[in-house]
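Chemist: The structure file run22.txt (compact mmCIF, C-alpha atoms) is provided below.
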# COMPACT_ATOMS: atom_id res chain seq x y z
CA MET I 15 136.25 29.31 26.29
CA ASN I 16 137.81 28.85 29.73
CA ILE I 17 140.89 31.10 29.84
CA ARG I 18 143.28 30.02 32.61
CA THR I 19 146.31 31.69 34.17
CA PHE I 20 148.55 31.40 37.24
CA ARG I 21 147.38 32.75 40.57
CA ILE I 22 150.25 34.75 42.10
CA GLY I 23 151.69 38.00 40.73
CA GLY I 24 152.48 38.62 37.09
CA ILE I 25 152.55 41.60 34.72
CA HIS I 26 151.63 42.38 31.11
CA PRO I 27 154.42 44.30 29.37
CA GLU I 28 153.98 45.68 25.85
CA GLU I 29 154.15 42.72 23.47
CA ASN I 30 156.12 44.15 20.51
CA LYS I 31 155.74 40.88 18.55
CA LEU I 32 157.15 42.56 15.43
CA THR I 33 157.93 39.27 13.66
CA HIS I 34 154.70 37.41 14.49
CA GLU I 35 153.75 36.76 10.87
CA ALA I 36 157.26 36.66 9.41
CA PRO I 37 157.83 33.18 7.90
CA THR I 38 161.03 31.49 9.04
CA GLN I 39 164.09 32.00 6.85
CA VAL I 40 167.03 29.61 6.69
CA ALA I 41 170.05 31.55 7.92
CA SER I 42 173.22 31.51 5.84
CA LEU I 43 176.08 29.33 7.00
CA PRO I 44 178.66 31.19 9.09
CA ARG I 45 182.25 31.62 7.93
CA MET I 46 183.52 30.35 11.28
CA ALA I 47 181.29 28.41 13.69
CA ILE I 48 181.96 28.78 17.43
CA PHE I 49 180.75 26.01 19.77
CA PRO I 50 180.88 26.80 23.53
CA LEU I 51 181.33 23.66 25.61
CA SER I 52 178.74 24.94 28.14
CA GLN I 53 175.43 25.14 26.26
CA HIS I 54 173.46 23.52 29.07
CA ILE I 55 173.03 23.46 32.83
CA GLY I 56 175.64 21.21 34.44
CA ALA I 57 179.19 20.14 33.62
CA PRO I 58 180.77 21.46 30.38
CA ALA I 59 181.12 18.99 27.53
CA VAL I 60 184.57 17.44 26.97
CA PRO I 61 186.16 17.94 23.50
CA LEU I 62 186.70 14.87 21.33
CA VAL I 63 188.28 16.73 18.39
CA LYS I 64 191.56 18.61 17.96
CA LYS I 65 192.93 21.26 15.63
CA GLY I 66 193.01 20.04 12.03
CA ASP I 67 190.27 17.42 12.40
CA VAL I 68 187.71 17.35 9.57
CA VAL I 69 184.06 17.29 10.68
CA LYS I 70 180.66 17.04 9.02
CA VAL I 71 177.23 18.36 9.96
CA GLY I 72 176.22 16.09 12.85
CA THR I 73 179.74 15.03 13.90
CA LEU I 74 180.16 14.68 17.67
CA LEU I 75 182.52 17.45 18.81
CA ALA I 76 182.35 17.00 22.58
CA GLU I 77 180.86 14.36 24.88
CA ALA I 78 178.87 14.96 28.07
CA GLY I 79 181.13 15.86 30.98
CA GLY I 80 178.99 14.24 33.68
CA PHE I 81 175.47 13.01 34.41
CA VAL I 82 174.01 16.55 34.28
CA SER I 83 175.58 17.51 30.96
CA ALA I 84 174.97 17.15 27.22
CA PRO I 85 177.08 16.39 24.15
CA ILE I 86 177.81 19.05 21.49
CA TYR I 87 177.51 18.29 17.77
CA SER I 88 178.86 20.20 14.78
CA SER I 89 176.28 22.18 12.81
CA VAL I 90 178.67 22.69 9.90
CA SER I 91 181.21 20.79 7.85
CA GLY I 92 184.82 21.90 7.73
CA THR I 93 188.05 21.84 9.70
CA VAL I 94 188.58 22.38 13.41
CA ASP I 95 190.52 25.65 13.51
CA LYS I 96 191.31 25.76 17.24
CA ILE I 97 190.05 25.12 20.76
CA ASP I 98 190.16 28.45 22.56
CA THR I 99 187.97 30.77 24.62
CA ALA I 100 185.28 33.17 23.42
CA VAL I 101 182.54 35.29 24.99
CA ASP I 102 179.24 33.39 25.13
CA ALA I 103 175.69 34.52 25.96
CA THR I 104 176.54 34.78 29.67
CA GLY I 105 179.01 37.59 28.87
CA TYR I 106 181.99 35.56 30.13
CA ARG I 107 184.79 33.94 28.17
CA LYS I 108 184.28 30.17 28.00
CA PRO I 109 186.12 27.28 26.28
CA CYS I 110 184.91 26.84 22.69
CA ILE I 111 185.61 24.75 19.60
CA PHE I 112 186.12 26.83 16.43
CA VAL I 113 185.29 25.20 13.09
CA LYS I 114 186.22 26.82 9.76
CA VAL I 115 183.24 26.19 7.48
CA GLU I 116 183.90 24.37 4.18
CA GLY I 117 180.86 23.20 2.20
CA ASP I 118 177.83 21.57 3.82
CA GLU I 119 178.40 17.82 4.07
CA TRP I 120 176.12 15.92 6.47
CA GLU I 121 176.62 12.68 8.39
CA GLU I 122 174.86 9.92 6.46
CA THR I 123 173.04 8.64 9.56
CA ILE I 124 170.77 11.73 9.62
CA ASP I 125 167.40 11.32 7.86
CA ARG I 126 166.97 14.56 5.86
CA SER I 127 163.65 13.60 4.24
CA ASP I 128 160.38 15.45 4.92
CA ARG I 129 158.44 12.25 5.61
CA LEU I 130 156.49 12.46 8.88
CA GLU I 131 157.40 9.52 11.12
CA LEU I 132 154.64 8.32 13.47
CA VAL I 133 155.11 6.57 16.80
CA LYS I 134 152.75 3.73 15.83
CA ASP I 135 155.10 2.79 12.97
CA HIS I 136 158.08 2.32 15.30
CA PRO I 137 157.39 -0.50 17.79
CA GLU I 138 161.12 -0.58 18.64
CA LEU I 139 160.76 2.72 20.51
CA SER I 140 160.50 1.65 24.13
CA PRO I 141 160.54 4.40 26.81
CA GLU I 142 164.17 3.53 27.51
CA GLU I 143 165.15 3.74 23.83
CA ILE I 144 163.45 7.14 23.47
CA VAL I 145 165.31 8.51 26.51
CA ALA I 146 168.61 7.12 25.21
CA ARG I 147 168.19 8.76 21.79
CA ILE I 148 167.26 12.09 23.39
CA LYS I 149 170.31 11.90 25.66
CA ASN I 150 172.70 10.94 22.87
CA ALA I 151 171.42 13.73 20.60
CA GLY I 152 172.26 16.42 23.15
CA VAL I 153 168.69 17.69 23.47
CA VAL I 154 168.19 20.27 26.23
CA GLY I 155 165.40 22.64 27.23
CA MET I 156 165.01 25.04 24.30
CA GLY I 157 163.19 27.76 26.22
CA GLY I 158 166.42 29.14 27.60
CA ALA I 159 167.04 27.11 30.75
CA CYS I 160 168.94 24.39 28.81
CA PHE I 161 168.39 21.61 31.36
CA PRO I 162 169.25 18.23 29.76
CA THR I 163 165.92 16.81 28.60
CA PHE I 164 166.59 13.15 29.37
CA ILE I 165 166.95 13.90 33.09
CA LYS I 166 163.43 15.34 33.28
CA LEU I 167 162.17 12.05 31.85
CA MET I 168 163.83 10.10 34.69
CA PRO I 169 162.13 11.50 37.82
CA PRO I 170 163.38 10.50 41.29
CA PRO I 171 161.67 7.51 42.99
CA THR I 172 159.84 9.92 45.34
CA ALA I 173 157.99 11.57 42.44
CA LYS I 174 155.55 10.16 39.89
CA ALA I 175 154.78 11.86 36.58
CA GLU I 176 151.10 12.13 35.66
CA CYS I 177 151.26 14.39 32.60
CA VAL I 178 153.53 16.22 30.16
CA ILE I 179 152.90 19.94 29.68
CA ILE I 180 154.22 21.59 26.53
CA ASN I 181 155.24 25.20 27.12
CA ALA I 182 154.06 27.05 24.00
CA VAL I 183 153.38 30.26 25.93
CA GLU I 184 156.17 32.52 24.64
CA CYS I 185 155.10 35.32 27.00
CA GLU I 186 158.36 37.28 26.73
CA PRO I 187 157.97 40.46 24.61
CA TYR I 188 159.41 40.56 21.05
CA ILE I 189 160.11 36.79 20.72
CA THR I 190 158.12 34.83 18.09
CA ALA I 191 160.38 31.84 17.30
CA ASP I 192 158.14 29.30 19.10
CA TYR I 193 155.02 30.70 17.42
CA ARG I 194 156.54 30.31 13.94
CA LEU I 195 157.70 26.79 14.86
CA MET I 196 154.13 25.85 15.85
CA MET I 197 152.65 27.30 12.65
CA GLU I 198 155.22 25.57 10.43
CA HIS I 199 155.83 22.21 12.18
CA ALA I 200 152.71 21.36 14.19
CA ASP I 201 152.69 17.69 13.10
CA GLU I 202 156.28 17.08 14.19
CA ILE I 203 155.68 18.83 17.53
CA LEU I 204 152.73 16.53 18.29
CA VAL I 205 154.79 13.43 17.49
CA GLY I 206 157.46 14.86 19.79
CA LEU I 207 154.85 15.27 22.51
CA GLN I 208 153.72 11.66 22.08
CA LEU I 209 157.34 10.51 22.35
CA LEU I 210 157.76 12.53 25.55
CA MET I 211 154.57 11.04 27.00
CA LYS I 212 155.65 7.52 26.08
CA ALA I 213 159.10 8.09 27.59
CA ALA I 214 157.54 9.48 30.79
CA LYS I 215 154.98 6.62 30.85
CA VAL I 216 151.99 8.96 31.08
CA LYS I 217 148.81 9.14 29.01
CA ARG I 218 147.90 12.79 29.59
CA GLY I 219 149.33 15.81 27.77
CA TYR I 220 148.65 19.54 27.67
CA ILE I 221 149.80 22.33 25.38
CA GLY I 222 149.62 25.77 27.00
CA ILE I 223 149.29 28.66 24.53
CA GLU I 224 148.47 32.31 25.28
CA THR I 225 145.43 33.86 23.62
CA ASN I 226 147.52 36.30 21.55
CA LYS I 227 148.23 33.28 19.30
CA PRO I 228 144.71 32.35 18.11
CA LYS I 229 145.97 30.78 14.87
CA ALA I 230 148.28 28.44 16.80
CA ILE I 231 145.50 27.53 19.25
CA ASP I 232 143.14 26.68 16.38
CA LEU I 233 145.79 24.78 14.40
CA LEU I 234 147.03 22.64 17.28
CA THR I 235 143.50 21.97 18.57
CA ARG I 236 142.56 20.61 15.14
CA LYS I 237 145.80 18.65 14.74
CA CYS I 238 145.47 17.12 18.22
CA ALA I 239 141.99 15.86 17.41
CA GLU I 240 143.40 14.13 14.32
CA ALA I 241 146.68 12.86 15.78
CA PHE I 242 145.39 11.41 19.05
CA ALA I 243 141.87 10.30 18.05
CA ALA I 244 142.73 6.62 17.75
CA THR I 245 145.37 6.47 20.47
CA GLU I 246 145.44 5.87 24.22
CA TYR I 247 146.71 9.41 24.79
CA GLN I 248 144.56 12.35 25.89
CA VAL I 249 145.96 15.72 24.83
CA GLU I 250 144.36 19.10 25.46
CA VAL I 251 145.30 22.52 24.06
CA VAL I 252 144.89 24.98 26.94
CA PRO I 253 144.27 28.65 26.03
CA LEU I 254 145.92 30.91 28.60
CA LYS I 255 145.42 34.55 29.51
CA GLN I 256 148.27 36.83 28.41
CA ARG I 257 150.44 37.25 31.46
CA TYR I 258 154.16 37.32 32.09
CA PRO I 259 156.01 35.16 33.28
CA GLN I 260 153.56 32.40 32.39
CA GLY I 261 156.37 30.60 30.56
CA GLY I 262 158.04 29.88 33.91
CA GLU I 263 157.42 26.19 34.51
CA LYS I 264 156.04 26.65 38.02
CA GLN I 265 153.63 29.33 36.77
CA LEU I 266 152.64 27.16 33.80
CA VAL I 267 151.90 24.15 36.01
CA ASP I 268 149.67 26.34 38.19
CA ALA I 269 147.86 27.76 35.15
CA VAL I 270 147.31 24.44 33.37
CA ILE I 271 146.60 21.86 36.12
CA ARG I 272 146.01 24.19 39.12
CA ARG I 273 148.82 22.73 41.23
CA GLN I 274 151.47 24.89 42.87
CA VAL I 275 155.04 23.63 43.00
CA PRO I 276 156.62 24.11 46.46
CA ALA I 277 159.86 26.04 47.03
CA PRO I 278 163.19 24.53 45.91
CA PRO I 279 164.36 21.83 45.83
CA ALA I 280 160.83 20.86 44.68
CA ILE I 281 160.36 20.64 40.90
CA PRO I 282 157.20 20.27 38.74
CA VAL I 283 157.34 16.46 38.74
CA ASN I 284 156.82 16.59 42.51
CA VAL I 285 153.23 17.65 41.72
CA GLY I 286 152.94 15.22 38.78
CA ALA I 287 154.00 17.39 35.82
CA ILE I 288 156.91 17.23 33.37
CA VAL I 289 157.24 20.55 31.51
CA GLN I 290 158.97 20.76 28.12
CA ASN I 291 159.28 23.70 25.73
CA VAL I 292 157.59 23.43 22.34
CA GLY I 293 161.02 23.72 20.70
CA THR I 294 162.21 20.82 22.82
CA ALA I 295 159.29 18.68 21.58
CA PHE I 296 160.35 19.43 18.00
CA ALA I 297 164.00 18.60 18.81
CA VAL I 298 162.88 15.33 20.42
CA TYR I 299 161.01 14.39 17.23
CA GLN I 300 164.10 15.06 15.14
CA ALA I 301 166.44 13.26 17.52
CA VAL I 302 164.32 10.12 17.93
CA MET I 303 162.70 9.83 14.50
CA LYS I 304 165.32 11.38 12.23
CA HIS I 305 168.53 10.53 14.16
CA LYS I 306 169.33 14.24 14.02
CA PRO I 307 171.38 15.67 16.89
CA LEU I 308 170.54 19.11 18.23
CA PHE I 309 172.63 21.53 16.18
CA GLU I 310 170.15 24.12 14.86
CA ARG I 311 167.20 26.03 16.27
CA TYR I 312 164.50 28.62 15.55
CA THR I 313 165.63 32.10 16.64
CA THR I 314 163.99 35.53 16.42
CA VAL I 315 166.16 38.54 15.47
CA THR I 316 164.22 41.66 16.33
CA GLY I 317 164.14 45.32 17.36
CA LYS I 318 162.00 48.37 16.66
CA ARG I 319 164.72 50.08 14.61
CA LEU I 320 166.00 46.97 12.88
CA ALA I 321 165.40 47.32 9.13
CA LYS I 322 164.26 43.74 8.47
CA PRO I 323 163.53 41.83 11.71
CA GLY I 324 162.72 38.16 11.20
CA ASN I 325 162.68 34.55 12.36
CA PHE I 326 165.50 32.24 11.34
CA LEU I 327 166.43 28.57 11.36
CA VAL I 328 170.00 28.98 12.59
CA ARG I 329 172.91 26.57 12.86
CA MET I 330 174.46 26.60 16.34
CA GLY I 331 177.75 28.46 16.39
CA THR I 332 176.63 31.22 14.02
CA PRO I 333 177.78 34.61 15.38
CA MET I 334 174.91 36.98 16.17
CA ALA I 335 176.63 39.65 14.05
CA GLU I 336 175.91 37.64 10.88
CA LEU I 337 172.19 37.37 11.72
CA ILE I 338 172.03 41.11 12.49
CA GLU I 339 173.61 41.83 9.09
CA ALA I 340 170.93 39.67 7.44
CA CYS I 341 168.34 41.94 9.08
CA GLY I 342 169.87 45.15 7.74
CA GLY I 343 172.68 45.72 10.24
CA MET I 344 172.87 47.36 13.65
CA PRO I 345 170.72 50.54 13.77
CA ASP I 346 172.35 53.95 14.21
CA GLY I 347 172.45 55.55 17.66
CA ASP I 348 172.31 53.96 21.10
CA ASN I 349 171.58 50.23 21.08
CA LYS I 350 171.50 47.46 23.67
CA LEU I 351 172.11 43.94 22.35
CA LEU I 352 170.39 41.14 24.27
CA ALA I 353 170.72 37.37 24.08
CA GLY I 354 167.03 36.65 24.67
CA GLY I 355 164.14 39.03 25.23
CA PRO I 356 163.98 42.33 27.14
CA MET I 357 162.75 40.75 30.40
CA MET I 358 165.14 37.82 30.92
CA GLY I 359 167.74 38.33 28.19
CA LYS I 360 171.39 39.10 29.00
CA ALA I 361 172.97 42.32 27.71
CA LEU I 362 176.09 41.68 25.60
CA THR I 363 179.15 43.78 24.83
CA THR I 364 179.84 42.16 21.47
CA ALA I 365 177.79 40.77 18.57
CA GLU I 366 180.36 38.02 17.94
CA VAL I 367 178.59 35.83 20.52
CA PRO I 368 177.46 32.54 18.90
CA ILE I 369 173.92 31.21 18.75
CA CYS I 370 173.64 28.32 21.21
CA LYS I 371 171.01 25.76 22.20
CA GLY I 372 169.17 28.23 24.44
CA THR I 373 169.28 31.31 22.17
CA ASN I 374 165.62 31.87 21.31
CA SER I 375 166.11 35.53 20.38
CA VAL I 376 168.60 38.24 19.49
CA THR I 377 166.92 41.49 20.58
CA ILE I 378 168.18 44.99 19.87
CA LEU I 379 166.73 47.76 22.04
CA SER I 380 167.34 51.24 20.64
CA GLY I 381 167.08 54.85 21.80
CA ASP I 382 165.26 55.35 25.10
CA ASP I 383 164.54 51.60 25.34
CA ALA I 384 168.30 50.98 25.51
CA ARG I 385 168.86 53.31 28.46
CA ARG I 386 168.02 52.75 32.12
CA GLN I 387 166.36 55.52 34.07
CA GLU I 388 168.09 56.95 37.12
CA PRO I 389 167.07 54.97 40.25
CA GLN I 390 165.26 56.89 42.97
CA PRO I 391 164.66 56.07 46.67
CA CYS I 392 162.11 53.33 47.34
CA ILE I 393 158.65 54.84 47.94
CA ARG I 394 157.32 51.75 49.79
CA CYS I 395 154.53 51.21 47.25
CA ALA I 396 154.87 47.37 47.31
CA LYS I 397 154.21 47.09 43.56
CA CYS I 398 157.16 44.69 43.36
CA VAL I 399 155.51 42.45 45.96
CA GLY I 400 152.26 42.36 44.01
CA ALA I 401 154.07 41.56 40.76
CA CYS I 402 156.31 38.75 42.08
CA PRO I 403 155.01 35.41 40.68
CA MET I 404 156.79 33.53 43.46
CA GLY I 405 155.13 35.44 46.30
CA LEU I 406 158.42 36.94 47.51
CA GLU I 407 159.27 40.44 48.76
CA PRO I 408 161.71 41.76 46.14
CA TYR I 409 162.40 45.11 47.84
CA LEU I 410 163.56 43.20 50.94
CA LEU I 411 165.62 40.62 49.07
CA ALA I 412 167.38 43.40 47.13
CA LYS I 413 168.17 45.29 50.33
CA LEU I 414 169.45 42.15 52.08
CA SER I 415 171.67 41.43 49.08
CA GLU I 416 173.02 44.99 49.09
CA HIS I 417 173.93 44.65 52.76
CA LYS I 418 175.28 41.08 52.34
CA SER I 419 172.81 39.70 54.91
CA TRP I 420 173.07 36.22 53.46
CA GLU I 421 171.53 34.25 56.33
CA ARG I 422 168.43 36.46 56.35
CA ALA I 423 168.24 36.36 52.54
CA GLU I 424 168.21 32.56 52.65
CA HIS I 425 165.54 32.63 55.35
CA GLU I 426 163.45 34.95 53.12
CA ASP I 427 163.67 32.32 50.34
CA ILE I 428 165.85 34.22 47.85
CA VAL I 429 166.64 30.95 46.02
CA SER I 430 162.97 30.73 44.92
CA CYS I 431 163.45 33.84 42.71
CA ILE I 432 163.06 32.87 39.03
CA GLU I 433 164.80 36.09 37.87
CA CYS I 434 161.86 37.09 35.67
CA GLY I 435 162.35 40.82 36.23
CA SER I 436 158.70 41.57 37.02
CA CYS I 437 159.72 43.46 40.17
CA GLN I 438 162.20 45.70 38.40
CA PHE I 439 159.80 46.30 35.50
CA THR I 440 156.99 47.46 37.78
CA CYS I 441 159.10 49.63 40.15
CA PRO I 442 158.11 53.32 39.78
CA ALA I 443 161.42 54.34 41.39
CA HIS I 444 163.40 52.42 38.70
CA ARG I 445 165.41 50.58 41.34
CA PRO I 446 167.73 47.77 40.09
CA LEU I 447 165.99 45.15 42.21
CA LEU I 448 166.74 42.15 40.05
CA ASP I 449 170.42 43.06 39.73
CA HIS I 450 170.87 42.90 43.50
CA ILE I 451 168.66 39.84 43.95
CA ARG I 452 170.46 37.90 41.22
CA GLN I 453 173.84 38.55 42.86
CA GLY I 454 172.47 37.64 46.28
CA LYS I 455 170.82 34.47 44.99
CA GLN I 456 174.08 33.23 43.46
CA THR I 457 175.94 33.89 46.72
CA VAL I 458 173.33 32.13 48.87
CA MET I 459 173.23 29.14 46.50
CA GLY I 460 177.01 28.91 46.81
CA ILE I 461 176.73 28.93 50.60
CA ILE I 462 174.09 26.18 50.50
CA ARG I 463 176.28 24.05 48.19
CA SER I 464 179.30 24.51 50.45
CA ARG I 465 177.32 23.02 53.36
CA LYS I 466 176.79 19.83 51.39
Kindly transcribe the structure held in the file into structure tokens.
Modeler:
Amino acid sequence: MNIRTFRIGGIHPEENKLTHEAPTQVASLPRMAIFPLSQHIGAPAVPLVKKGDVVKVGTLLAEAGGFVSAPIYSSVSGTVDKIDTAVDATGYRKPCIFVKVEGDEWEETIDRSDRLELVKDHPELSPEEIVARIKNAGVVGMGGACFPTFIKLMPPPTAKAECVIINAVECEPYITADYRLMMEHADEILVGLQLLMKAAKVKRGYIGIETNKPKAIDLLTRKCAEAFAATEYQVEVVPLKQRYPQGGEKQLVDAVIRRQVPAPPAIPVNVGAIVQNVGTAFAVYQAVMKHKPLFERYTTVTGKRLAKPGNFLVRMGTPMAELIEACGGMPDGDNKLLAGGPMMGKALTTAEVPICKGTNSVTILSGDDARRQEPQPCIRCAKCVGACPMGLEPYLLAKLSEHKSWERAEHEDIVSCIECGSCQFTCPAHRPLLDHIRQGKQTVMGIIRSRK
């Protein structure tokens, strides 16, 4: 078996896939659902409801606020309680719609049957119709970036798509939501992939999976052979060496088709690839074939000291606190609550943060794992340089950010940082490299935008 991987940098942190074989549970409905209007990259959605309005599961709550935006749908039935602010997964207070949950009544337009719909049975699905249904359903990248999916399927005239790559890597420690989704809904994912390929007008598809998921590799290889045997599409399951951050789309493109995406503003389609998360492929299937907007997702709730860690199918708007209670409650002692995994997740100050479109994990680090070690002076070992998957010099970018040397930081390509944390993880002096780089990157990006 030819095991591929990306060529620059990378690390292999301890996996801690505690919930790997835990079948997905359906999470209980929340008492109050909280819907942030910014669950995607781009402009916030614009509310269409007001206090007192009655909504169902699948009711449109807010419409897209611009071209780079996505609508928000209710995941519950009940009454709009208020439109106010609440802390979301970024740690900041953002405008939100609060819905008091009453029953579980769904919009009649949603197909709730288990029947597998195949592309060949739906000749009405032109590429344009597929893109329109994806856009209207509010589907965004489910791996955490939350970029509106329909935009990726409409590349600029200067770029031509040649293939769709499904990101089934899940290289971040602890998280297993994508793995459980593959094991439980492989058929729907493959129909979603075919829809994405048809929308992008390409005939070639790849599914990248790391070798710590042998059951998923075997299952999807077998299912691909069955699903695409009599079609014009060629789809290959690509086993990948375990290496973080292989789930980054630029790293995945390099690993799968051996093409390196240039520095921003270049994107994967500039080298012929459209990358979509495996959860996005599933959401595309549901949106196009079942007329189901994006209002629930697979999420891992995990931690070494959590009594009953697990994987859940969660309605958007459910407070993390309710999922943590379902897993036995917050452990005693020091804990750090993360929206996401330990490498790229954001630390939170409250568990009342709602599950959103990009929340693939709720991770609780306890004891020593929850505490940072005291930073020491840089020893000039260059381990951060060797680990950086973008070929940058993290020690330098961090120093330039500390000293507010923005022009030099831009020249040293700080905007190419993907904020994976490999540099900070590998630093023997425990220096907060990513913290400084992240602040510097935001400042430099603001300066670049102001020029335009």
Chemist: Could you state the separation of atom CA of Arg129 of chain I and atom CA of Ile86 of chain I in Å, given to one decimal place?
Modeler: 26.0 Å
Chemist: Would you kindly return, as a VMD selection string, each protein, DNA or RNA residue with an atom no farther than 7 Å from any atom of segment 144-155 of chain I, considering only C-alpha atoms and excluding same-chain residues fewer than 3 positions away?
Modeler: chain I and resid 54 84 to 86 139 to 141 158 to 164 213 290 to 291 294 297 to 298 301 to 302 306 to 308
Chemist: Atom CA of Phe309 of chain I to atom CA of Gly72 of chain I: how many Å, to one decimal?
Modeler: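 Interatomic distance here is 7.3 Å.
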Chemist: Atom CA of Ala191 of chain I and atom CA of Asn374 of chain I are how many Å apart?
Modeler: 6.6 Å
Chemist: Determine the nearest neighbour of Lys166 of chain I from the options I:Pro442, I:Pro391, I:Gly286, I:Pro37, counting only C-alpha atoms.
Modeler: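 Closest to Lys166 of chain I, using only C-alpha atoms: I:Gly286.
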Chemist: Quick one: contact table of segment 91-180 of chain I to segment 220-229 of chain I, 9 Å max, nearest atom pair and distance in Å to one decimal per residue, counting all atoms listed in the file, chain and number order, as a tab-separated table?
Modeler:
residue	atom	partner	partner_atom	distance
I:Cys177	CA	I:Tyr220	CA	7.6
I:Val178	CA	I:Tyr220	CA	6.4
I:Ile179	CA	I:Tyr220	CA	4.7
I:Ile180	CA	I:Ile221	CA	4.6
Chemist: Within 12 Å of (154.6, 20.9, 32.5) in the file's own coordinates, which protein, DNA or RNA residues have an atom, counting all atoms listed in the file? List them as a CSV table (one decimal) with C-alpha atoms, keeping the file's coordinate frame.
Modeler:
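Okay, this is what ended up in part.csv:
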chain,number,residue,atom,x,y,z
I,166,LYS,CA,163.4,15.3,33.3
I,167,LEU,CA,162.2,12.0,31.8
I,175,ALA,CA,154.8,11.9,36.6
I,176,GLU,CA,151.1,12.1,35.7
I,177,CYS,CA,151.3,14.4,32.6
I,178,VAL,CA,153.5,16.2,30.2
I,179,ILE,CA,152.9,19.9,29.7
I,180,ILE,CA,154.2,21.6,26.5
I,181,ASN,CA,155.2,25.2,27.1
I,182,ALA,CA,154.1,27.0,24.0
I,183,VAL,CA,153.4,30.3,25.9
I,207,LEU,CA,154.8,15.3,22.5
I,210,LEU,CA,157.8,12.5,25.6
I,211,MET,CA,154.6,11.0,27.0
I,214,ALA,CA,157.5,9.5,30.8
I,218,ARG,CA,147.9,12.8,29.6
I,219,GLY,CA,149.3,15.8,27.8
I,220,TYR,CA,148.6,19.5,27.7
I,221,ILE,CA,149.8,22.3,25.4
I,222,GLY,CA,149.6,25.8,27.0
I,252,VAL,CA,144.9,25.0,26.9
I,260,GLN,CA,153.6,32.4,32.4
I,261,GLY,CA,156.4,30.6,30.6
I,262,GLY,CA,158.0,29.9,33.9
I,263,GLU,CA,157.4,26.2,34.5
I,264,LYS,CA,156.0,26.6,38.0
I,265,GLN,CA,153.6,29.3,36.8
I,266,LEU,CA,152.6,27.2,33.8
I,267,VAL,CA,151.9,24.2,36.0
I,268,ASP,CA,149.7,26.3,38.2
I,269,ALA,CA,147.9,27.8,35.2
I,270,VAL,CA,147.3,24.4,33.4
I,271,ILE,CA,146.6,21.9,36.1
I,272,ARG,CA,146.0,24.2,39.1
I,273,ARG,CA,148.8,22.7,41.2
I,274,GLN,CA,151.5,24.9,42.9
I,275,VAL,CA,155.0,23.6,43.0
I,281,ILE,CA,160.4,20.6,40.9
I,282,PRO,CA,157.2,20.3,38.7
I,283,VAL,CA,157.3,16.5,38.7
I,284,ASN,CA,156.8,16.6,42.5
I,285,VAL,CA,153.2,17.6,41.7
I,286,GLY,CA,152.9,15.2,38.8
I,287,ALA,CA,154.0,17.4,35.8
I,288,ILE,CA,156.9,17.2,33.4
I,289,VAL,CA,157.2,20.6,31.5
I,290,GLN,CA,159.0,20.8,28.1
I,291,ASN,CA,159.3,23.7,25.7
I,292,VAL,CA,157.6,23.4,22.3
Chemist: List as a JSON list (two decimals) with C-alpha atoms, in the coordinates of the input the protein and nucleic acid residues near Ala384 of chain I, meaning an atom at most 6 Å away when only C-alpha atoms are counted, but skip any in the same chain fewer than 2 places from it.
Modeler:
[["chain", "number", "residue", "atom", "x", "y", "z"],
["I", 349, "ASN", "CA", 171.58, 50.23, 21.08],
["I", 350, "LYS", "CA", 171.50, 47.46, 23.67],
["I", 379, "LEU", "CA", 166.73, 47.76, 22.04],
["I", 380, "SER", "CA", 167.34, 51.24, 20.64],
["I", 381, "GLY", "CA", 167.08, 54.85, 21.80],
["I", 382, "ASP", "CA", 165.26, 55.35, 25.10]]
Chemist: My list of candidates is I:Ala443, I:Leu327, I:Met303, I:Val458. Which is closest to Glu143 of chain I when distances are computed with all atoms listed in the file?
Modeler: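 Result for the nearest residue to Glu143 of chain I: I:Met303.
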Chemist: Residues near Val82 of chain I, anyone? I mean within 8 Å using all atoms listed in the file, not counting same-chain ones fewer than 4 positions away, as a PyMOL selection string.
Modeler: chain I and resi 55-57+162+165
